[in-house]
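The file data-v3.tsv contains TSV, C-alpha atoms:
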chain	number	residue	atom	x	y	z
O	151	THR	CA	-9.79	23.65	37.33
O	152	SER	CA	-9.62	27.41	36.99
O	153	ILE	CA	-12.29	29.72	35.64
O	154	GLY	CA	-12.66	33.36	34.71
O	155	ILE	CA	-15.86	35.31	34.20
O	156	ARG	CA	-16.16	38.82	32.79
O	157	VAL	CA	-19.21	40.74	33.92
O	158	LYS	CA	-20.57	44.25	33.68
O	159	ASP	CA	-18.19	45.97	36.06
O	160	GLY	CA	-15.19	43.67	36.32
O	161	VAL	CA	-13.61	40.22	35.97
O	162	VAL	CA	-13.55	37.42	38.56
O	163	LEU	CA	-10.99	34.61	38.61
O	164	ALA	CA	-11.47	31.45	40.68
O	165	VAL	CA	-8.86	28.76	41.16
O	166	GLU	CA	-8.95	25.26	42.65
O	167	LYS	CA	-5.60	25.23	44.40
O	168	LEU	CA	-4.16	21.72	44.39
O	169	ALA	CA	-0.64	20.58	45.04
O	170	THR	CA	0.60	19.93	41.51
O	171	ALA	CA	4.08	19.76	40.15
O	172	GLY	CA	5.57	20.50	36.73
O	173	LEU	CA	2.79	22.52	35.18
O	174	LEU	CA	2.69	24.89	38.10
O	175	ALA	CA	6.28	25.80	37.30
O	176	ASP	CA	5.28	26.56	33.71
O	177	GLY	CA	2.56	28.84	35.02
O	178	ARG	CA	5.01	30.69	37.25
O	179	HIS	CA	7.34	31.22	34.33
O	180	ILE	CA	4.59	32.78	32.23
O	181	VAL	CA	3.60	35.08	35.09
O	182	LYS	CA	7.22	36.17	35.43
O	183	ARG	CA	7.32	37.04	31.75
O	184	ALA	CA	3.99	38.85	31.96
O	185	ARG	CA	5.35	41.01	34.78
O	186	GLU	CA	8.44	41.85	32.75
O	187	GLU	CA	6.36	42.76	29.69
O	188	ALA	CA	4.04	44.93	31.76
O	189	GLN	CA	6.92	46.74	33.44
O	190	GLY	CA	8.70	47.21	30.13
O	191	TRP	CA	5.56	48.78	28.69
O	192	ARG	CA	5.30	51.13	31.66
O	193	ASP	CA	8.94	52.17	31.27
O	194	ILE	CA	8.40	53.24	27.68
O	195	TYR	CA	4.86	54.58	27.69
O	196	LYS	CA	4.54	55.69	31.33
O	197	MET	CA	1.13	54.03	31.59
O	198	PRO	CA	-0.16	50.56	32.53
O	199	ILE	CA	-0.33	47.99	29.74
O	200	ASP	CA	-3.82	47.30	28.39
O	201	GLY	CA	-5.54	43.92	28.10
O	202	PRO	CA	-5.20	43.24	24.37
O	203	SER	CA	-1.52	44.19	24.41
O	204	ILE	CA	-0.49	41.99	27.34
O	205	ALA	CA	-2.51	39.08	25.93
O	206	ASN	CA	-0.78	39.57	22.58
O	207	ARG	CA	2.65	39.65	24.22
O	208	ILE	CA	2.01	36.45	26.20
O	209	GLY	CA	0.48	34.80	23.14
O	210	ASP	CA	3.60	35.57	21.10
O	211	TYR	CA	5.87	34.37	23.92
O	212	VAL	CA	4.03	31.06	24.36
O	213	ALA	CA	3.88	30.51	20.59
O	214	ALA	CA	7.65	30.89	20.33
O	215	TYR	CA	8.07	27.72	22.40
O	216	THR	CA	6.21	25.74	19.72
O	217	LEU	CA	8.70	26.64	17.01
O	218	TYR	CA	11.88	24.89	18.07
O	219	SER	CA	12.65	21.25	18.77
O	220	SER	CA	14.97	22.17	21.63
O	221	VAL	CA	12.12	23.37	23.83
O	222	ARG	CA	8.67	22.07	24.69
O	223	PRO	CA	5.42	24.01	24.67
O	224	PHE	CA	4.07	25.39	27.95
O	225	GLY	CA	1.87	22.91	29.77
O	226	CYS	CA	-0.78	25.34	30.89
O	227	SER	CA	-3.40	27.79	29.66
O	228	THR	CA	-3.26	31.26	31.08
O	229	LEU	CA	-6.23	33.41	32.04
O	230	ILE	CA	-5.57	37.15	31.96
O	231	ALA	CA	-7.99	39.59	33.59
O	232	THR	CA	-7.58	43.33	33.05
O	233	MET	CA	-9.44	46.54	33.77
O	234	ASP	CA	-8.85	49.96	32.21
O	235	ASN	CA	-10.80	52.92	30.93
O	236	THR	CA	-12.22	50.77	28.11
O	237	GLY	CA	-13.77	48.36	30.61
O	238	PRO	CA	-13.07	44.89	32.03
O	239	LYS	CA	-11.50	42.26	29.78
O	240	LEU	CA	-10.74	38.53	30.05
O	241	TYR	CA	-8.29	36.68	27.80
O	242	MET	CA	-7.20	33.05	27.68
O	243	VAL	CA	-3.86	32.06	26.12
O	244	GLU	CA	-3.50	28.41	25.16
O	245	PRO	CA	-0.23	26.42	24.91
O	246	SER	CA	-0.29	26.87	21.12
O	247	GLY	CA	-0.11	30.63	21.56
O	248	LEU	CA	-3.69	31.04	20.37
O	249	PHE	CA	-5.72	33.50	22.43
O	250	TRP	CA	-9.13	35.08	22.35
O	251	GLY	CA	-11.07	37.51	24.48
O	252	TYR	CA	-13.82	35.84	26.47
O	253	HIS	CA	-16.89	36.57	28.52
O	254	GLY	CA	-16.30	33.30	30.37
O	255	ALA	CA	-13.47	30.79	30.21
O	256	ALA	CA	-12.42	27.60	31.98
O	257	VAL	CA	-9.22	25.56	32.01
O	258	GLY	CA	-8.18	22.32	33.62
O	259	LYS	CA	-9.78	19.04	34.43
O	260	GLY	CA	-13.32	20.18	35.06
O	261	ARG	CA	-13.47	22.72	32.25
O	262	GLN	CA	-16.24	21.01	30.25
O	263	VAL	CA	-18.67	21.07	33.15
O	264	ALA	CA	-17.48	24.52	34.21
O	265	LYS	CA	-18.07	25.94	30.73
O	266	THR	CA	-21.61	24.55	30.68
O	267	GLU	CA	-22.32	26.14	34.04
O	268	ILE	CA	-20.85	29.50	32.96
O	269	GLU	CA	-22.95	29.52	29.80
O	270	LYS	CA	-26.08	29.35	31.94
O	271	LEU	CA	-25.24	32.67	33.60
O	272	ASN	CA	-26.35	36.08	32.31
O	273	LEU	CA	-22.96	37.75	32.45
O	274	GLU	CA	-23.89	41.02	30.71
O	275	GLU	CA	-26.07	42.13	33.59
O	276	MET	CA	-24.24	40.53	36.51
O	277	THR	CA	-22.16	42.44	39.01
O	278	CYS	CA	-18.81	41.36	40.39
O	279	ARG	CA	-20.22	40.59	43.83
O	280	GLU	CA	-22.72	38.16	42.32
O	281	ALA	CA	-20.06	36.75	40.02
O	282	VAL	CA	-17.82	35.90	42.95
O	283	LYS	CA	-20.56	33.72	44.44
O	284	HIS	CA	-21.21	31.94	41.15
O	285	ALA	CA	-17.51	31.41	40.51
O	286	ALA	CA	-17.10	29.79	43.91
O	287	ARG	CA	-20.15	27.61	43.37
O	288	ILE	CA	-18.90	26.40	39.99
O	289	ILE	CA	-15.47	25.47	41.32
O	290	TYR	CA	-17.02	23.49	44.16
O	291	ASN	CA	-19.36	21.78	41.69
O	292	VAL	CA	-16.67	20.59	39.32
O	293	HIS	CA	-14.29	19.42	42.02
O	294	ASP	CA	-14.02	15.66	41.76
O	295	ASP	CA	-14.15	14.31	45.32
O	296	ALA	CA	-13.35	10.78	44.24
O	297	LYS	CA	-10.22	11.56	42.30
O	298	ASP	CA	-8.66	14.66	43.91
O	299	LYS	CA	-7.65	15.47	47.43
O	300	ASP	CA	-9.08	18.33	49.44
O	301	PHE	CA	-8.62	21.68	47.80
O	302	GLU	CA	-8.42	25.34	48.67
O	303	LEU	CA	-10.52	27.84	46.76
O	304	GLU	CA	-8.78	31.05	45.76
O	305	LEU	CA	-10.85	33.95	44.46
O	306	SER	CA	-9.52	37.12	42.92
O	307	TRP	CA	-11.08	40.00	41.05
O	308	VAL	CA	-10.41	43.21	39.23
O	309	CYS	CA	-13.29	45.66	39.26
O	310	GLU	CA	-14.44	49.13	40.24
O	311	GLU	CA	-14.74	48.09	43.86
O	312	SER	CA	-11.08	47.11	43.85
O	313	ASN	CA	-10.23	50.45	42.20
O	314	GLY	CA	-9.22	48.77	38.98
O	315	LEU	CA	-6.54	46.79	40.80
O	316	HIS	CA	-6.27	43.04	40.77
O	317	GLN	CA	-6.69	41.80	44.33
O	318	ILE	CA	-7.74	38.76	46.30
O	319	VAL	CA	-11.46	39.00	46.99
O	320	PRO	CA	-11.93	40.51	50.48
O	321	LYS	CA	-12.18	37.90	53.25
O	322	ASP	CA	-15.77	38.52	54.24
O	323	LEU	CA	-17.09	38.34	50.68
O	324	ALA	CA	-14.95	35.29	49.94
O	325	ALA	CA	-16.24	33.53	53.06
O	326	GLU	CA	-19.81	34.38	52.07
O	327	ALA	CA	-19.17	33.00	48.58
O	328	GLU	CA	-17.68	29.76	49.91
O	329	GLN	CA	-20.65	29.25	52.22
O	330	TYR	CA	-23.00	29.76	49.29
O	331	ALA	CA	-20.94	27.30	47.24
O	332	LYS	CA	-20.89	24.60	49.90
O	333	ALA	CA	-24.61	24.98	50.44
O	334	SER	CA	-25.33	24.61	46.73
O	335	ILE	CA	-23.48	21.30	46.36
O	336	LEU	CA	-25.43	19.87	49.23
O	337	LEU	CA	-28.55	20.60	47.19
O	338	THR	CA	-27.36	18.82	44.03
M	967	MET	CA	23.85	75.48	27.13
M	968	SER	CA	24.31	74.84	23.45
M	969	GLY	CA	25.58	71.38	22.53
M	970	LEU	CA	25.84	72.54	18.95
M	971	LYS	CA	29.02	71.61	17.13
M	972	PRO	CA	30.85	74.15	14.92
M	973	GLY	CA	28.99	74.55	11.67
M	974	GLU	CA	25.89	72.78	13.00
M	975	VAL	CA	22.56	74.31	12.10
M	976	ASN	CA	20.51	75.88	14.88
M	977	LEU	CA	16.76	76.36	15.10
M	978	GLY	CA	17.13	79.65	17.02
M	979	THR	CA	13.41	79.75	17.30
M	980	SER	CA	10.26	80.87	18.89
M	981	ILE	CA	7.73	78.06	19.31
M	982	MET	CA	4.42	77.92	21.11
M	983	ALA	CA	1.42	75.70	21.74
M	984	VAL	CA	-1.91	76.51	23.42
M	985	GLN	CA	-4.69	74.16	24.50
M	986	PHE	CA	-8.36	75.02	24.04
M	987	ASN	CA	-11.61	73.13	24.42
M	988	GLY	CA	-11.59	70.81	21.42
M	989	GLY	CA	-7.96	70.93	20.37
M	990	VAL	CA	-4.69	72.83	20.30
M	991	ILE	CA	-3.08	75.69	18.37
M	992	ILE	CA	0.62	75.32	17.62
M	993	GLY	CA	2.87	77.96	16.12
M	994	ALA	CA	6.48	78.64	15.22
M	995	ASP	CA	8.72	81.12	13.44
M	996	SER	CA	10.64	80.06	10.33
M	997	ARG	CA	14.31	81.01	10.86
M	998	THR	CA	17.19	78.49	10.85
M	999	THR	CA	20.68	79.88	11.44
M	1000	THR	CA	24.31	78.76	11.18
M	1001	GLY	CA	25.97	81.42	13.27
M	1002	SER	CA	24.61	84.68	11.90
M	1003	TYR	CA	23.77	83.34	8.44
M	1004	ILE	CA	20.12	82.46	7.96
M	1005	ALA	CA	20.35	79.04	6.37
M	1006	ASN	CA	16.59	78.75	5.86
M	1007	ARG	CA	14.18	81.69	6.24
M	1008	VAL	CA	11.04	79.66	5.52
M	1009	THR	CA	11.59	76.61	7.76
M	1010	ASP	CA	8.69	74.45	8.85
M	1011	LYS	CA	9.29	73.70	12.51
M	1012	LEU	CA	5.90	72.10	13.03
M	1013	THR	CA	6.39	68.41	12.41
M	1014	GLU	CA	3.76	65.69	12.22
M	1015	VAL	CA	4.34	62.56	14.28
M	1016	HIS	CA	0.81	61.25	13.89
M	1017	ASP	CA	-2.54	62.24	12.32
M	1018	THR	CA	-3.50	64.58	15.13
M	1019	ILE	CA	-0.21	64.83	17.04
M	1020	TYR	CA	2.45	67.39	16.13
M	1021	CYS	CA	5.67	68.62	17.68
M	1022	CYS	CA	7.31	72.06	17.65
M	1023	ARG	CA	11.08	71.80	17.32
M	1024	SER	CA	13.75	74.07	18.80
M	1025	GLY	CA	17.48	73.64	19.33
M	1026	SER	CA	19.59	71.62	16.93
M	1027	ALA	CA	17.82	71.04	13.61
M	1028	ALA	CA	19.55	67.68	13.11
M	1029	ASP	CA	18.83	66.42	16.62
M	1030	THR	CA	15.17	67.39	16.56
M	1031	GLN	CA	14.61	65.96	13.09
M	1032	ALA	CA	16.21	62.67	14.11
M	1033	VAL	CA	14.18	62.40	17.32
M	1034	ALA	CA	10.93	63.32	15.57
M	1035	ASP	CA	11.56	60.70	12.87
M	1036	ILE	CA	12.08	58.01	15.51
M	1037	VAL	CA	8.92	58.97	17.37
M	1038	HIS	CA	7.00	59.04	14.07
M	1039	TYR	CA	8.15	55.47	13.42
M	1040	TYR	CA	7.20	54.28	16.91
M	1041	LEU	CA	3.77	55.86	16.64
M	1042	GLN	CA	3.17	54.21	13.26
M	1043	MET	CA	3.92	50.82	14.85
M	1044	TYR	CA	1.85	51.68	17.90
M	1045	SER	CA	-1.17	52.64	15.81
M	1046	VAL	CA	-1.22	49.41	13.82
M	1047	GLN	CA	-0.64	47.26	16.89
M	1048	ASN	CA	-2.59	49.06	19.57
M	1049	GLY	CA	-4.87	51.60	17.89
M	1050	ARG	CA	-4.63	55.41	17.91
M	1051	PRO	CA	-1.99	56.69	20.31
M	1052	THR	CA	-2.82	59.41	22.80
M	1053	VAL	CA	-0.81	62.63	22.83
M	1054	LYS	CA	0.58	61.47	26.20
M	1055	VAL	CA	2.05	58.36	24.59
M	1056	ALA	CA	3.77	60.50	21.96
M	1057	ALA	CA	5.07	62.88	24.63
M	1058	THR	CA	6.46	60.05	26.78
M	1059	LEU	CA	8.25	58.60	23.76
M	1060	PHE	CA	9.84	62.00	23.11
M	1061	GLN	CA	10.76	62.22	26.76
M	1062	GLU	CA	12.45	58.80	26.81
M	1063	LEU	CA	14.63	59.75	23.86
M	1064	CYS	CA	15.45	63.24	25.11
M	1065	TYR	CA	16.25	62.13	28.66
M	1066	GLN	CA	18.22	58.96	27.92
M	1067	ASN	CA	20.32	60.81	25.35
M	1068	LYS	CA	20.52	64.13	27.14
M	1069	ASP	CA	24.32	64.25	26.94
M	1070	ASN	CA	24.27	64.10	23.15
M	1071	LEU	CA	21.18	66.11	22.30
M	1072	SER	CA	20.29	69.76	22.08
M	1073	ALA	CA	16.53	69.58	21.67
M	1074	GLY	CA	13.68	71.58	23.18
M	1075	ILE	CA	10.41	70.09	21.98
M	1076	ILE	CA	6.75	70.94	22.53
M	1077	VAL	CA	4.38	68.04	21.80
M	1078	ALA	CA	0.76	68.98	21.18
M	1079	GLY	CA	-2.28	67.40	19.63
M	1080	TRP	CA	-5.77	66.01	20.00
M	1081	ASP	CA	-6.91	62.58	21.14
M	1082	LYS	CA	-10.31	61.20	22.03
M	1083	GLU	CA	-9.52	60.38	25.66
M	1084	THR	CA	-8.44	63.83	26.79
M	1085	GLY	CA	-9.13	66.26	23.93
M	1086	GLY	CA	-6.42	68.85	23.28
M	1087	THR	CA	-3.21	68.59	25.33
M	1088	VAL	CA	0.17	70.37	25.36
M	1089	TRP	CA	3.37	68.79	26.70
M	1090	ASN	CA	6.61	70.72	27.10
M	1091	ILE	CA	9.95	68.87	27.01
M	1092	PRO	CA	12.81	71.27	27.79
M	1093	LEU	CA	16.53	70.52	27.42
M	1094	GLY	CA	17.04	68.01	30.27
M	1095	GLY	CA	14.30	65.66	29.11
M	1096	SER	CA	11.67	66.39	31.75
M	1097	LEU	CA	7.99	66.21	30.83
M	1098	HIS	CA	5.49	68.91	31.75
M	1099	ARG	CA	1.84	69.08	30.86
M	1100	GLN	CA	0.82	72.74	30.58
M	1101	PRO	CA	-2.24	74.70	29.38
M	1102	PHE	CA	0.13	76.59	27.12
M	1103	ALA	CA	3.86	76.25	26.47
M	1104	ILE	CA	6.53	78.45	24.90
M	1105	GLY	CA	10.00	77.41	23.82
M	1106	GLY	CA	13.12	78.32	21.91
M	1107	SER	CA	15.48	81.27	22.28
M	1108	GLY	CA	12.74	83.77	21.43
M	1109	SER	CA	10.48	82.54	24.19
M	1110	THR	CA	12.58	84.29	26.84
M	1111	TYR	CA	11.36	87.68	25.54
M	1112	ILE	CA	7.68	86.83	25.81
M	1113	TYR	CA	7.30	85.17	29.24
M	1114	GLY	CA	5.94	88.39	30.67
M	1115	TYR	CA	3.66	89.07	27.70
M	1116	CYS	CA	2.25	85.52	27.72
M	1117	ASP	CA	1.67	85.38	31.48
M	1118	ALA	CA	-0.13	88.72	31.31
M	1119	THR	CA	-2.26	87.86	28.28
M	1120	TYR	CA	-3.21	84.19	28.79
M	1121	ARG	CA	-6.58	83.35	30.30
M	1122	ASP	CA	-8.16	79.94	30.96
M	1123	GLY	CA	-11.02	78.94	28.68
M	1124	MET	CA	-10.08	80.91	25.58
M	1125	THR	CA	-11.84	80.05	22.33
M	1126	GLN	CA	-10.07	78.76	19.25
M	1127	GLU	CA	-10.05	82.23	17.68
M	1128	GLN	CA	-8.69	83.87	20.84
M	1129	CYS	CA	-5.93	81.24	21.01
M	1130	ILE	CA	-4.95	81.94	17.41
M	1131	GLU	CA	-4.65	85.67	18.18
M	1132	PHE	CA	-2.67	84.88	21.35
M	1133	VAL	CA	-0.17	82.70	19.47
M	1134	LYS	CA	0.11	85.15	16.59
M	1135	ASN	CA	0.78	88.18	18.76
M	1136	SER	CA	3.19	86.35	21.09
M	1137	LEU	CA	5.29	84.91	18.29
M	1138	ALA	CA	5.36	88.24	16.45
M	1139	LEU	CA	6.79	89.92	19.54
M	1140	ALA	CA	9.37	87.15	20.05
M	1141	MET	CA	10.43	87.33	16.41
M	1142	SER	CA	10.76	91.08	16.67
M	1143	ARG	CA	13.06	90.94	19.72
M	1144	ASP	CA	15.06	87.72	19.13
M	1145	GLY	CA	17.74	87.81	16.44
M	1146	SER	CA	17.57	84.04	16.04
M	1147	SER	CA	13.83	84.11	15.31
M	1148	GLY	CA	12.06	85.63	12.34
M	1149	GLY	CA	10.68	85.08	8.87
M	1150	VAL	CA	7.06	83.97	8.72
M	1151	ILE	CA	4.65	82.54	11.26
M	1152	ARG	CA	3.47	79.02	10.65
M	1153	MET	CA	0.53	77.81	12.75
M	1154	ALA	CA	-1.61	74.71	12.84
M	1155	ILE	CA	-5.03	74.13	14.37
M	1156	ILE	CA	-5.39	70.51	15.53
M	1157	THR	CA	-8.85	69.20	16.38
M	1158	GLU	CA	-10.88	66.05	16.05
M	1159	GLU	CA	-11.43	66.95	12.40
M	1160	GLY	CA	-7.73	66.98	11.67
M	1161	VAL	CA	-5.04	69.57	11.04
M	1162	LYS	CA	-5.53	72.99	9.42
M	1163	ARG	CA	-2.41	74.98	8.63
M	1164	ILE	CA	-2.20	78.76	8.71
M	1165	PHE	CA	0.54	80.85	7.08
M	1166	ILE	CA	1.29	84.45	7.96
M	1167	PRO	CA	3.87	86.11	5.70
M	1168	GLY	CA	6.47	88.50	7.15
M	1169	ASN	CA	4.75	91.63	5.92
M	1170	GLU	CA	1.46	90.69	7.61
M	1171	LEU	CA	2.88	90.09	11.10
M	1172	PRO	CA	1.22	91.98	13.95
M	1173	VAL	CA	3.33	94.98	14.87
M	1174	HIS	CA	4.13	95.79	18.48
M	1175	TRP	CA	5.73	99.01	19.62
M	1176	GLU	CA	8.79	99.52	17.47
M	1177	GLY	CA	9.86	102.98	18.61

Same coordinates, now as structure tokens:
Amino acid sequence: TSIGIRVKDGVVLAVEKLATAGLLADGRHIVKRAREEAQGWRDIYKMPIDGPSIANRIGDYVAAYTLYSSVRPFGCSTLIATMDNTGPKLYMVEPSGLFWGYHGAAVGKGRQVAKTEIEKLNLEEMTCREAVKHAARIIYNVHDDAKDKDFELELSWVCEESNGLHQIVPKDLAAEAEQYAKASILLT
Amino acid sequence: MSGLKPGEVNLGTSIMAVQFNGGVIIGADSRTTTGSYIANRVTDKLTEVHDTIYCCRSGSAADTQAVADIVHYYLQMYSVQNGRPTVKVAATLFQELCYQNKDNLSAGIIVAGWDKETGGTVWNIPLGGSLHRQPFAIGGSGSTYIYGYCDATYRDGMTQEQCIEFVKNSLALAMSRDGSSGGVIRMAIITEEGVKRIFIPGNELPVHWEG
């Protein structure tokens, strides 16, 4: 399961890192394309690509693979988090090529439960630091101990504190978030 | 310097753009020459590439028209796909074309306009295809005669009216000294409201010392 939440001053992404095959390769391919699109944009316009444009480009790219019988659609949904002078943005591109902007989004096995949890949060007023804790808690909550092996939680964010750059959440904050998450599942 | 082929038409030219709080003033002379013959004495060298983004053209008339048309097309596509372009976007598009095709072009372009993010901005793109943001920019063959005058007269924080006088007087001097510049002065005021054109006929040009 992977989730993204867009809050007042940034976007937080949280991923349940499992050892999976096949679909992970699809994901890597999309990321490669996204990098090429972003660089291409920079080469022409001498500025970073903005959220709606990169989401549109990836949407078009993924949709193309649904048109021909010689290829198969991508087997993953992609969450795109951006930050620019118009604010933080979160997009999700589905295998059909459909994409929307979201305040909160979840993909993968535990997405139903994750979405319910996200809807309970007041995202408009939340800050990124708080969001990181909630994101960690939600991932821990939806992880199915019976069915899946142990997992590693990966948190990343793009916000004012990260200077508008996408980075892995700093170690101390991530550790704090994981502790909070582990404590909360013990309660439920 | 000149990549002009025999018989090709040259925008001898004096062009200028000045930034003020709330927009830009752009101005140009109106002379196009083939050798010593004035092919067009009422040329419009101020070309629209978007609602509030214009360019001043100097060098080869054909080259600058072609480049401006391409940028106009790209900005049309950009505005329907991504919303209003900034002046910087327009300037970088000009730069890409001018730099990548530098061997085959003879184009000195000043891009100026208004956008919501930064207000009025002026970008100078000389022959090699480099990009320079400047508070004011001068270009064309006539500009060489007014570097001193402009440096001495320009001040930061001029009002719209002061900028208009500055452009008018500078271009008049350039047109008076440069054989490849002359005719009338065409100016445009570009602000959030849009574009307002000003026309100054030859007999109403400011007169500097003429001996």

Write out as a count of residues only each polymer residue whose atoms come within 10 Å of range 989-993 of chain M, counting only C-alpha atoms; drop sequence neighbours fewer than 5 positions from it. 52

Residues of chain O near chain M: apply a cut-off of 10 Å, count all atoms listed in the file, and supply the list as JSON, numbers by chain. {"O": [193, 194, 195, 196, 197, 200, 202, 203, 206, 235]}

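Interatomic distance, CA of Ala281 in chain O against CA of Glu244 in chain O: 23.8 Å.
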
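CA of Leu1139 in chain M lies 13.8 Å from CA of Asp1117 in chain M.
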
For range 268-273 of chain O, list every protein, DNA or RNA residue within 12 Å, evaluated using only C-alpha atoms, and leave out those in the same chain fewer than 3 positions away; present the list as a PyMOL selection string. chain O and resi 153-162+252-256+261-265+276-278+280-289+291-292

CA of Asp176 in chain O to CA of Val308 in chain O, distance in Å rounded to a single decimal: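 Straight-line distance from CA of Asp176 in chain O to CA of Val308 in chain O works out to 23.5 Å.
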
At a cut-off of 7 Å from (8.2, 85.2, 9.2) in the coordinates of the file, what residues are picked up using only C-alpha atoms, written as JSON, numbers by chain? {"M": [995, 996, 1148, 1149, 1150, 1151, 1167, 1168]}

Expected answer as JSON, numbers by chain: all residues with atoms within 8 Å of (20.0, 70.3, 18.4), all atoms listed in the file: {"M": [969, 970, 975, 976, 977, 1024, 1025, 1026, 1027, 1028, 1029, 1030, 1071, 1072, 1073]}

Identify which of the residues O:Glu328, O:Glu310, O:Glu166, O:Asp210 lies closest to Lys259 in chain O, counting only C-alpha atoms when measuring atom-to-atom distances. O:Glu166
